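Visitor: My structure is stored as model27.tsv, with TSV, C-alpha atoms and all ligand atoms.
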```
chain	number	residue	atom	x	y	z
Q	1	MET	CA	21.44	-9.63	3.54
Q	2	LEU	CA	22.18	-11.08	6.95
Q	3	PHE	CA	19.88	-8.51	8.47
Q	4	THR	CA	17.11	-9.43	6.06
Q	5	ARG	CA	17.51	-13.12	6.81
Q	6	LYS	CA	17.49	-12.46	10.55
Q	7	ARG	CA	14.38	-10.40	10.19
Q	8	MET	CA	12.77	-13.10	8.10
Q	9	LEU	CA	13.54	-15.71	10.76
Q	10	ALA	CA	12.14	-13.45	13.44
Q	11	ALA	CA	9.03	-12.93	11.34
Q	12	LEU	CA	8.60	-16.67	10.85
Q	13	ALA	CA	9.01	-17.31	14.54
Q	14	ILE	CA	6.38	-14.72	15.34
Q	15	ALA	CA	4.22	-16.14	12.59
Q	16	MET	CA	4.31	-19.59	14.17
Q	17	VAL	CA	3.42	-18.17	17.54
Q	18	SER	CA	0.64	-16.24	15.86
Q	19	THR	CA	-0.86	-19.32	14.27
Q	20	LEU	CA	-0.56	-21.26	17.50
Q	21	ALA	CA	-2.10	-18.45	19.48
Q	22	LEU	CA	-5.11	-18.48	17.25
Q	23	ALA	CA	-5.37	-22.25	16.95
Q	24	GLY	CA	-4.88	-22.52	20.69
Q	25	CYS	CA	-7.71	-20.14	21.35
Q	26	GLY	CA	-10.08	-22.86	20.28
Q	27	GLY	CA	-11.57	-20.98	17.36
Q	28	ALA	CA	-9.98	-23.27	14.78
Q	29	LYS	CA	-12.39	-25.18	12.61
Q	30	LYS	CA	-11.70	-26.61	9.21
Q	31	ASP	CA	-15.04	-25.81	7.64
Q	32	ALA	CA	-14.65	-22.27	6.31
Q	33	ALA	CA	-18.35	-21.98	5.55
Q	34	LYS	CA	-19.29	-22.32	9.21
Q	35	PRO	CA	-17.30	-19.95	11.35
Q	36	ALA	CA	-16.38	-21.24	14.78
Q	37	ALA	CA	-18.33	-20.17	17.82
Q	38	ASN	CA	-16.69	-17.67	20.11
Q	39	ASP	CA	-15.79	-19.75	23.14
Q	40	GLY	CA	-14.44	-16.87	25.20
Q	41	LYS	CA	-10.75	-17.68	24.83
Q	42	LYS	CA	-8.26	-14.94	24.11
Q	43	ILE	CA	-7.18	-14.31	20.53
Q	44	VAL	CA	-3.98	-12.53	19.51
Q	45	LEU	CA	-3.63	-11.28	15.93
Q	46	ARG	CA	-0.34	-10.06	14.49
Q	47	TYR	CA	-0.62	-7.06	12.18
Q	48	ALA	CA	2.28	-6.13	9.89
Q	49	GLU	CA	2.87	-2.52	8.86
Q	50	ASN	CA	5.95	-1.34	6.97
Q	51	GLN	CA	5.55	2.33	7.86
Q	52	PRO	CA	6.88	3.95	11.04
Q	53	LYS	CA	4.99	4.41	14.29
Q	54	ASP	CA	3.74	7.93	13.65
Q	55	TYR	CA	2.55	7.29	10.06
Q	56	PRO	CA	-1.19	7.60	9.26
Q	57	THR	CA	-1.58	3.92	8.33
Q	58	THR	CA	0.11	2.78	11.54
Q	59	LYS	CA	-1.92	5.11	13.72
Q	60	ALA	CA	-5.11	3.89	12.07
Q	61	ALA	CA	-4.08	0.28	12.72
Q	62	ARG	CA	-3.56	1.07	16.39
Q	63	SER	CA	-6.93	2.79	16.56
Q	64	MET	CA	-8.45	-0.36	15.12
Q	65	ALA	CA	-6.66	-2.48	17.72
Q	66	ASP	CA	-8.07	-0.27	20.50
Q	67	ASP	CA	-11.53	-0.47	19.01
Q	68	VAL	CA	-11.47	-4.26	18.74
Q	69	LYS	CA	-10.09	-4.62	22.25
Q	70	LYS	CA	-12.90	-2.45	23.62
Q	71	LYS	CA	-15.64	-4.19	21.66
Q	72	THR	CA	-14.50	-7.64	22.78
Q	73	ASN	CA	-13.72	-6.64	26.38
Q	74	GLY	CA	-10.06	-7.39	25.84
Q	75	ARG	CA	-10.65	-10.83	24.36
Q	76	ILE	CA	-9.14	-9.98	20.94
Q	77	THR	CA	-5.77	-8.24	20.84
Q	78	ILE	CA	-4.30	-6.94	17.60
Q	79	GLU	CA	-0.56	-6.46	17.95
Q	80	VAL	CA	0.67	-3.89	15.45
Q	81	TYR	CA	4.28	-4.43	14.34
Q	82	ASP	CA	5.37	-1.26	12.54
Q	83	SER	CA	8.49	-0.34	10.56
Q	84	ALA	CA	8.60	-3.64	8.64
Q	85	GLN	CA	9.52	-5.62	11.76
Q	86	LEU	CA	7.73	-8.62	10.25
Q	87	GLY	CA	9.47	-8.28	6.88
Q	88	ASP	CA	8.98	-6.44	3.60
Q	89	GLU	CA	5.59	-6.26	1.93
Q	90	LYS	CA	6.13	-9.11	-0.51
Q	91	SER	CA	7.05	-11.60	2.22
Q	92	VAL	CA	4.26	-10.31	4.46
Q	93	ILE	CA	1.71	-10.98	1.71
Q	94	GLU	CA	3.08	-14.51	1.26
Q	95	GLN	CA	2.83	-15.15	4.98
Q	96	ILE	CA	-0.69	-13.75	5.09
Q	97	GLN	CA	-1.63	-16.29	2.44
Q	98	PHE	CA	-0.60	-19.25	4.58
Q	99	GLY	CA	-1.84	-17.69	7.79
Q	100	GLY	CA	1.58	-17.03	9.32
Q	101	ILE	CA	0.89	-13.33	9.72
Q	102	ASP	CA	-2.74	-12.47	10.44
Q	103	MET	CA	-3.24	-8.94	9.19
Q	104	SER	CA	-1.56	-6.10	7.33
Q	105	ARG	CA	-1.97	-2.93	5.35
Q	106	VAL	CA	-0.12	-3.15	2.08
Q	107	SER	CA	0.34	-1.13	-1.07
Q	108	LEU	CA	-1.80	-2.32	-3.95
Q	109	SER	CA	1.28	-2.53	-6.20
Q	110	PRO	CA	2.92	-5.61	-4.65
Q	111	LEU	CA	-0.50	-7.05	-3.78
Q	112	SER	CA	-1.55	-6.96	-7.43
Q	113	GLU	CA	1.22	-9.44	-8.22
Q	114	PHE	CA	-0.78	-11.93	-6.15
Q	115	ALA	CA	-4.16	-10.86	-7.51
Q	116	LYS	CA	-3.64	-9.47	-11.02
Q	117	GLN	CA	-7.25	-8.32	-11.38
Q	118	LEU	CA	-6.46	-5.51	-8.92
Q	119	ASN	CA	-3.91	-3.89	-11.26
Q	120	VAL	CA	-6.71	-1.97	-12.91
Q	121	LEU	CA	-7.12	0.19	-9.80
Q	122	GLN	CA	-3.57	1.50	-9.99
Q	123	LEU	CA	-3.38	2.31	-13.70
Q	124	PRO	CA	-1.56	5.60	-14.26
Q	125	TYR	CA	-3.78	8.66	-14.65
Q	126	LEU	CA	-6.89	6.53	-14.10
Q	127	TYR	CA	-8.57	8.84	-11.59
Q	128	ARG	CA	-9.25	12.52	-12.16
Q	129	ASP	CA	-8.33	13.20	-8.52
Q	130	GLY	CA	-8.57	11.76	-5.00
Q	131	ALA	CA	-12.32	12.35	-4.74
Q	132	HIS	CA	-12.88	10.36	-7.93
Q	133	MET	CA	-10.77	7.50	-6.59
Q	134	TRP	CA	-12.80	7.38	-3.36
Q	135	LYS	CA	-16.08	7.24	-5.23
Q	136	VAL	CA	-14.73	4.24	-7.12
Q	137	LEU	CA	-13.24	2.44	-4.10
Q	138	ASP	CA	-16.22	3.04	-1.83
Q	139	GLY	CA	-18.63	2.07	-4.58
Q	140	LYS	CA	-19.43	-1.28	-6.13
Q	141	ILE	CA	-16.27	-1.48	-8.28
Q	142	GLY	CA	-13.87	-1.01	-5.36
Q	143	GLN	CA	-15.80	-3.32	-3.06
Q	144	ASP	CA	-16.23	-6.06	-5.68
Q	145	LEU	CA	-12.54	-6.00	-6.55
Q	146	LEU	CA	-11.58	-6.10	-2.87
Q	147	ALA	CA	-13.75	-9.20	-2.49
Q	148	THR	CA	-11.89	-10.97	-5.32
Q	149	LEU	CA	-8.85	-11.23	-3.02
Q	150	ASP	CA	-10.57	-14.25	-1.40
Q	151	LYS	CA	-9.35	-16.39	-4.30
Q	152	SER	CA	-5.77	-15.63	-3.22
Q	153	GLY	CA	-6.28	-16.66	0.40
Q	154	ILE	CA	-6.68	-13.07	1.52
Q	155	VAL	CA	-9.68	-11.13	2.78
Q	156	GLY	CA	-9.77	-7.44	1.89
Q	157	LEU	CA	-11.27	-5.37	4.71
Q	158	THR	CA	-11.06	-1.74	3.69
Q	159	TRP	CA	-9.12	0.83	1.68
Q	160	PHE	CA	-6.55	3.27	3.01
Q	161	ASP	CA	-5.43	6.42	1.21
Q	162	ALA	CA	-1.90	6.84	-0.12
Q	163	GLY	CA	-2.31	9.95	-2.26
Q	164	ALA	CA	-0.61	10.36	-5.62
Q	165	ARG	CA	2.92	9.25	-6.46
Q	166	ASN	CA	5.59	11.48	-7.99
Q	167	PHE	CA	9.12	10.93	-9.30
Q	168	TYR	CA	12.10	12.18	-7.32
Q	169	THR	CA	15.71	12.22	-8.33
Q	170	LYS	CA	19.20	12.98	-7.06
Q	171	ASN	CA	20.01	15.25	-10.01
Q	172	PRO	CA	17.68	17.99	-11.18
Q	173	VAL	CA	14.95	17.04	-13.67
Q	174	LYS	CA	12.31	19.29	-15.19
Q	175	THR	CA	10.62	17.21	-17.85
Q	176	MET	CA	9.78	13.63	-18.76
Q	177	ALA	CA	12.68	13.67	-21.24
Q	178	ASP	CA	15.06	14.30	-18.33
Q	179	LEU	CA	14.08	10.92	-16.84
Q	180	LYS	CA	15.46	9.12	-19.90
Q	181	GLY	CA	17.86	6.35	-18.91
Q	182	LEU	CA	17.74	7.12	-15.17
Q	183	LYS	CA	17.67	4.17	-12.82
Q	184	ILE	CA	14.44	4.54	-10.90
Q	185	ARG	CA	13.50	2.30	-7.99
Q	186	VAL	CA	10.03	0.78	-8.25
Q	187	GLN	CA	7.95	-1.48	-6.06
Q	188	GLU	CA	8.04	-5.18	-6.82
Q	189	SER	CA	5.25	-4.87	-9.37
Q	190	SER	CA	5.26	-5.57	-13.10
Q	191	MET	CA	2.92	-2.68	-13.78
Q	192	MET	CA	5.14	-0.21	-11.96
Q	193	MET	CA	8.14	-1.50	-13.91
Q	194	ASP	CA	6.28	-1.02	-17.19
Q	195	MET	CA	5.17	2.44	-16.12
Q	196	VAL	CA	8.76	3.54	-15.49
Q	197	LYS	CA	9.87	2.04	-18.82
Q	198	ALA	CA	7.03	3.85	-20.58
Q	199	VAL	CA	8.34	7.24	-19.47
Q	200	GLY	CA	11.85	6.36	-20.69
Q	201	ALA	CA	13.61	5.43	-17.43
Q	202	ASN	CA	15.09	2.11	-16.22
Q	203	PRO	CA	13.10	0.42	-13.47
Q	204	THR	CA	14.97	-1.15	-10.54
Q	205	PRO	CA	12.61	-3.14	-8.32
Q	206	MET	CA	13.54	-3.33	-4.64
Q	207	ALA	CA	11.93	-3.37	-1.21
Q	208	TYR	CA	10.97	-0.05	0.36
Q	209	GLY	CA	13.45	-0.33	3.21
Q	210	GLU	CA	16.40	-0.58	0.86
Q	211	VAL	CA	15.76	2.60	-1.10
Q	212	TYR	CA	17.53	5.12	1.15
Q	213	SER	CA	20.92	3.44	0.95
Q	214	ALA	CA	20.46	2.67	-2.76
Q	215	LEU	CA	19.95	6.39	-3.36
Q	216	GLN	CA	22.87	7.29	-1.15
Q	217	THR	CA	25.30	4.90	-2.80
Q	218	GLY	CA	24.13	5.71	-6.32
Q	219	VAL	CA	22.73	2.25	-7.09
Q	220	ILE	CA	19.68	4.19	-8.27
Q	221	ASP	CA	19.21	7.75	-9.50
Q	222	GLY	CA	15.75	8.21	-8.11
Q	223	ALA	CA	12.48	6.67	-6.99
Q	224	GLU	CA	8.83	7.62	-6.83
Q	225	ASN	CA	6.37	7.95	-3.98
Q	226	ASN	CA	3.79	10.16	-2.28
Q	227	TRP	CA	4.64	13.18	-0.10
Q	228	PRO	CA	4.43	11.42	3.30
Q	229	SER	CA	6.67	8.54	2.19
Q	230	TYR	CA	9.20	10.85	0.49
Q	231	GLU	CA	9.36	12.77	3.75
Q	232	SER	CA	9.16	10.03	6.42
Q	233	THR	CA	11.87	7.90	4.78
Q	234	ARG	CA	14.05	11.02	4.56
Q	235	HIS	CA	14.62	10.27	0.87
Q	236	PHE	CA	14.18	14.01	0.36
Q	237	GLU	CA	17.56	14.51	1.97
Q	238	VAL	CA	19.35	12.51	-0.72
Q	239	ALA	CA	17.09	13.00	-3.75
Q	240	LYS	CA	16.25	16.67	-3.72
Q	241	THR	CA	14.13	17.09	-6.85
Q	242	TYR	CA	10.45	16.14	-6.54
Q	243	MET	CA	8.47	16.36	-9.78
Q	244	LEU	CA	4.70	16.69	-9.47
Q	245	ASP	CA	3.72	14.40	-12.31
Q	246	GLU	CA	1.20	12.48	-10.11
Q	247	HIS	CA	1.57	9.39	-12.30
Q	248	ASN	CA	-0.69	7.18	-10.25
Q	249	ARG	CA	-2.75	6.75	-7.11
Q	250	VAL	CA	-2.07	3.43	-5.43
Q	251	PRO	CA	-4.65	2.77	-2.72
Q	252	GLU	CA	-3.74	0.48	0.16
Q	253	PRO	CA	-6.02	-2.31	1.30
Q	254	MET	CA	-6.12	-3.52	4.87
Q	255	ILE	CA	-6.09	-7.29	4.64
Q	256	ILE	CA	-6.50	-10.33	6.87
Q	257	SER	CA	-5.46	-13.88	6.15
Q	258	LYS	CA	-8.41	-15.96	4.98
Q	259	LYS	CA	-7.10	-18.76	7.19
Q	260	THR	CA	-7.30	-16.44	10.21
Q	261	MET	CA	-10.70	-15.06	9.26
Q	262	ASP	CA	-12.15	-18.54	8.84
Q	263	LYS	CA	-11.11	-19.43	12.37
Q	264	LEU	CA	-13.02	-16.52	13.88
Q	265	SER	CA	-16.64	-16.73	14.97
Q	266	ALA	CA	-19.19	-14.88	12.85
Q	267	ASP	CA	-19.53	-12.26	15.59
Q	268	ASP	CA	-15.79	-11.73	15.76
Q	269	GLN	CA	-15.58	-11.45	11.98
Q	270	LYS	CA	-18.19	-8.72	12.17
Q	271	VAL	CA	-16.24	-6.86	14.85
Q	272	ILE	CA	-13.09	-7.03	12.70
Q	273	ARG	CA	-14.87	-5.89	9.55
Q	274	GLU	CA	-16.58	-2.96	11.24
Q	275	ALA	CA	-13.44	-1.86	13.06
Q	276	ALA	CA	-11.47	-1.99	9.80
Q	277	ILE	CA	-13.98	0.25	8.05
Q	278	ALA	CA	-13.82	2.71	10.96
Q	279	ALA	CA	-10.00	2.61	10.81
Q	280	GLY	CA	-10.19	3.38	7.10
Q	281	LYS	CA	-12.04	6.60	7.90
Q	282	VAL	CA	-9.50	7.50	10.57
Q	283	GLU	CA	-6.65	6.91	8.13
Q	284	ARG	CA	-8.13	9.09	5.40
Q	285	GLN	CA	-8.39	11.99	7.79
Q	286	LEU	CA	-4.86	11.47	9.13
Q	287	TRP	CA	-3.61	11.11	5.58
Q	288	ALA	CA	-5.01	14.45	4.47
Q	289	GLU	CA	-3.29	16.15	7.41
Q	290	ARG	CA	0.00	14.32	6.93
Q	291	GLU	CA	0.19	15.16	3.22
Q	292	LYS	CA	0.26	18.83	4.18
Q	293	THR	CA	2.81	18.56	6.98
Q	294	SER	CA	5.06	16.34	4.88
Q	295	GLU	CA	4.95	18.76	1.98
Q	296	LYS	CA	5.91	21.61	4.29
Q	297	LYS	CA	8.77	19.64	5.82
Q	298	VAL	CA	10.12	18.72	2.40
Q	299	ARG	CA	9.87	22.29	1.09
Q	300	ASP	CA	11.47	23.65	4.26
Q	301	GLY	CA	14.15	20.97	3.90
Q	302	GLY	CA	15.25	22.53	0.62
Q	303	SER	CA	13.86	20.15	-2.02
Q	304	THR	CA	13.17	21.60	-5.44
Q	305	ILE	CA	9.52	21.00	-6.29
Q	306	VAL	CA	8.90	20.87	-10.03
Q	307	ALA	CA	5.39	21.69	-11.22
Q	308	LEU	CA	4.55	20.57	-14.75
Q	309	SER	CA	2.91	22.65	-17.45
Q	310	PRO	CA	-0.29	21.13	-18.86
Q	311	ALA	CA	1.60	20.27	-22.05
Q	312	GLU	CA	4.35	18.48	-20.12
Q	313	HIS	CA	1.77	16.67	-18.01
Q	314	ASP	CA	0.06	15.48	-21.21
Q	315	LYS	CA	3.32	13.91	-22.36
Q	316	PHE	CA	3.26	11.64	-19.29
Q	317	VAL	CA	-0.38	10.75	-19.86
Q	318	LYS	CA	0.34	9.85	-23.48
Q	319	ALA	CA	3.48	7.87	-22.69
Q	320	VAL	CA	1.71	5.49	-20.31
Q	321	GLN	CA	-1.18	4.65	-22.66
Q	322	PRO	CA	0.37	1.28	-23.71
Q	323	LEU	CA	-0.23	0.13	-20.12
Q	324	TYR	CA	-3.95	0.39	-20.76
Q	325	GLU	CA	-3.53	-2.15	-23.56
Q	326	LYS	CA	-1.29	-4.48	-21.57
Q	327	TYR	CA	-3.15	-4.39	-18.25
Q	328	GLY	CA	-6.54	-3.15	-19.31
Q	329	ALA	CA	-7.44	-5.11	-22.45
Q	330	SER	CA	-9.46	-7.72	-20.54
Q	331	VAL	CA	-11.10	-5.19	-18.23
Q	332	LYS	CA	-12.04	-2.46	-20.68
Q	333	ASP	CA	-15.57	-2.43	-19.29
Q	334	ILE	CA	-14.31	-1.80	-15.74
Q	335	ILE	CA	-12.01	0.98	-16.93
Q	336	LYS	CA	-14.94	2.59	-18.73
Q	337	GLN	CA	-17.13	2.27	-15.62
Q	338	ILE	CA	-14.39	3.85	-13.52
Q	339	GLN	CA	-13.96	6.71	-15.96
Q	340	ASP	CA	-17.72	7.24	-15.99
Q	341	VAL	CA	-17.95	7.60	-12.19
Q	342	LYS	CA	-18.85	11.23	-11.62
X	1	LIG	C1	4.25	3.62	0.06
X	1	LIG	C2	3.40	2.58	0.72
X	1	LIG	C3	4.24	1.42	1.24
X	1	LIG	C4	5.13	0.90	0.14
X	1	LIG	C5	5.94	2.02	-0.44
X	1	LIG	C6	6.88	1.57	-1.55
X	1	LIG	O1	5.04	4.25	1.01
X	1	LIG	O2	2.68	3.12	1.79
X	1	LIG	O3	3.39	0.42	1.72
X	1	LIG	O4	5.97	-0.11	0.62
X	1	LIG	O5	5.08	3.03	-0.93
X	1	LIG	O6	7.14	2.37	-2.43
X	1	LIG	O7	7.35	0.44	-1.50
```
As structure tokens, how would this structure be written, given the file I've shared?
Ligand code: GCU
Guide:
Amino acid sequence: MLFTRKRMLAALAIAMVSTLALAGCGGAKKDAAKPAANDGKKIVLRYAENQPKDYPTTKAARSMADDVKKKTNGRITIEVYDSAQLGDEKSVIEQIQFGGIDMSRVSLSPLSEFAKQLNVLQLPYLYRDGAHMWKVLDGKIGQDLLATLDKSGIVGLTWFDAGARNFYTKNPVKTMADLKGLKIRVQESSMMMDMVKAVGANPTPMAYGEVYSALQTGVIDGAENNWPSYESTRHFEVAKTYMLDEHNRVPEPMIISKKTMDKLSADDQKVIREAAIAAGKVERQLWAEREKTSEKKVRDGGSTIVALSPAEHDKFVKAVQPLYEKYGASVKDIIKQIQDVK
């Protein structure tokens, strides 16, 4: 608790410096429609990342920072703060909204709490596979939905990959029925809570950084995440059963505060947008590699990997259908368009 508060204070302090740095660089103008001219002063942008230094998303952020530095001859610096140094995702998103933190890469799950229309993109069993998801995100649907973030004070820049999420538990499980009544940690997202309830377990929302000790102390019986996160957090050491149910794919937008973006000149905005798209490509490549090395590490580490029979897999698909009513009723047309993407 104390640690969290300390970290929060540190984040706020940095946030204030961040805002001042940008305002002080002379780019600040109130009229969002007319971006400021680039007057040659240095700009420092703070970028929050909750994954560790060697994680694909963090590496891609650093590659973006290098790119932007090069393209602006050192005028724009993006400082990447990894490992949740600037706070957990929920508080980072809040700070992005008021311009305290400039940029971040966040999971769509907590972000959808701030922009409910994005929930549709993380519905369980929505995509046939990763390739299908990328066609959707890179196409009109993904780009249009990313643009709707503007209403929430956030500008969506690009999509990062985060693979498919699977359940993992301290005690062995083999089927959906085995999850019944287990306390499963979820992200701070109403849809993820409903998803866990739908498969018969009890959702316990908490920040990512708290999961390891919650598993260790038995506050929760399990959690769910993709291979690289299960591995990098070392959750696989305390929750040794990983069940390949692939309940959903939760893509991860790179975002920038609208307040920050509006203070940049049109040319600088273009540099940021292009560098973000390039970083997205870097991340996807790094992600594909990391999924494999993480899987190997986890298997070598002694986890039991449970593959599901088609019949068992179908039970999961059926169980989560009520979520399509709750979260999809008003966007049935979008769901249909997504399903129709070939
Ligand atoms: C993934 C994602 C993180 C997120 C985490 C979580 O690891 O990359 O951004 O915080 O899931 O489950 O909270």
Visitor: Taking 5 positions as the minimum chain separation for residues in the same chain, which residues sit within 8 Å of Asn38 of chain Q when counting all atoms listed in the file? Answer as JSON, numbers by chain.
Guide: {"Q": [27, 264, 265, 267, 268]}
Visitor: Could you give me the residues within 8 Å of ligand LIG 1 (chain X), counting all atoms listed in the file, as a VMD selection string?
Guide: chain Q and resid 49 to 51 57 88 to 89 105 to 107 162 186 to 188 206 to 209 224 to 226 228 to 230 252
Visitor: Between Q:Phe316, Q:Gln85, Q:Gly218, Q:Gly156, which residue has the minimum interatomic distance to Lys197 of chain Q, considering all atoms listed in the file?
Guide: Q:Phe316
Visitor: Looking at only C-alpha atoms, which of Q:Met195, Q:Lys90, Q:Ala131, Q:Lys258 is the one that sits closest to Lys151 of chain Q?
Guide: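 That would be Q:Lys258, the residue with the smallest distance to Lys151 of chain Q.
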Visitor: Could you work out how far atom CA of Leu323 of chain Q lies from atom CA of Tyr127 of chain Q, giving the answer in Å with one decimal?
Guide: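 The value is 14.8 Å.
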Visitor: Name the residues within 6 Å of (-11.8, -4.4, 20.0), counting only C-alpha atoms in the file's coordinates, and put them as a PyMOL selection string.
Guide: chain Q and resi 65-72
Visitor: Counting only C-alpha atoms, which residues sit no farther than 10 Å from the position (-0.1, -7.8, -5.2) in the file's frame? I'd like them as a ChimeraX atom specification.
Guide: /Q:89-90,93-94,106-119,149,152,188-190
Visitor: For a quick check of understanding, using all atoms listed in the file, which of Q:Asn166, Q:Thr158, Q:Gln339, Q:Thr233 has the smallest distance to Arg128 of chain Q?
Guide: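 Answer, going by the shortest atom-to-atom distance: Q:Gln339.
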Visitor: If you count all atoms listed in the file, which residues fall within 12 Å of Leu286 of chain Q, apart from same-chain ones fewer than 2 positions away, as a PyMOL selection string?
Guide: chain Q and resi 54-61+63+160-163+228+279-284+288-294
Visitor: What does the structure give for the distance between atom CA of Arg234 of chain Q and atom CA of Pro205 of chain Q, in Å to one decimal?
Guide: 19.2 Å
Visitor: When you draw a straight line from atom CA of Asp333 of chain Q to atom CA of Ile277 of chain Q, how long is it in Å?
Guide: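 Separation of atom CA of Asp333 of chain Q and atom CA of Ile277 of chain Q: 27.5 Å.
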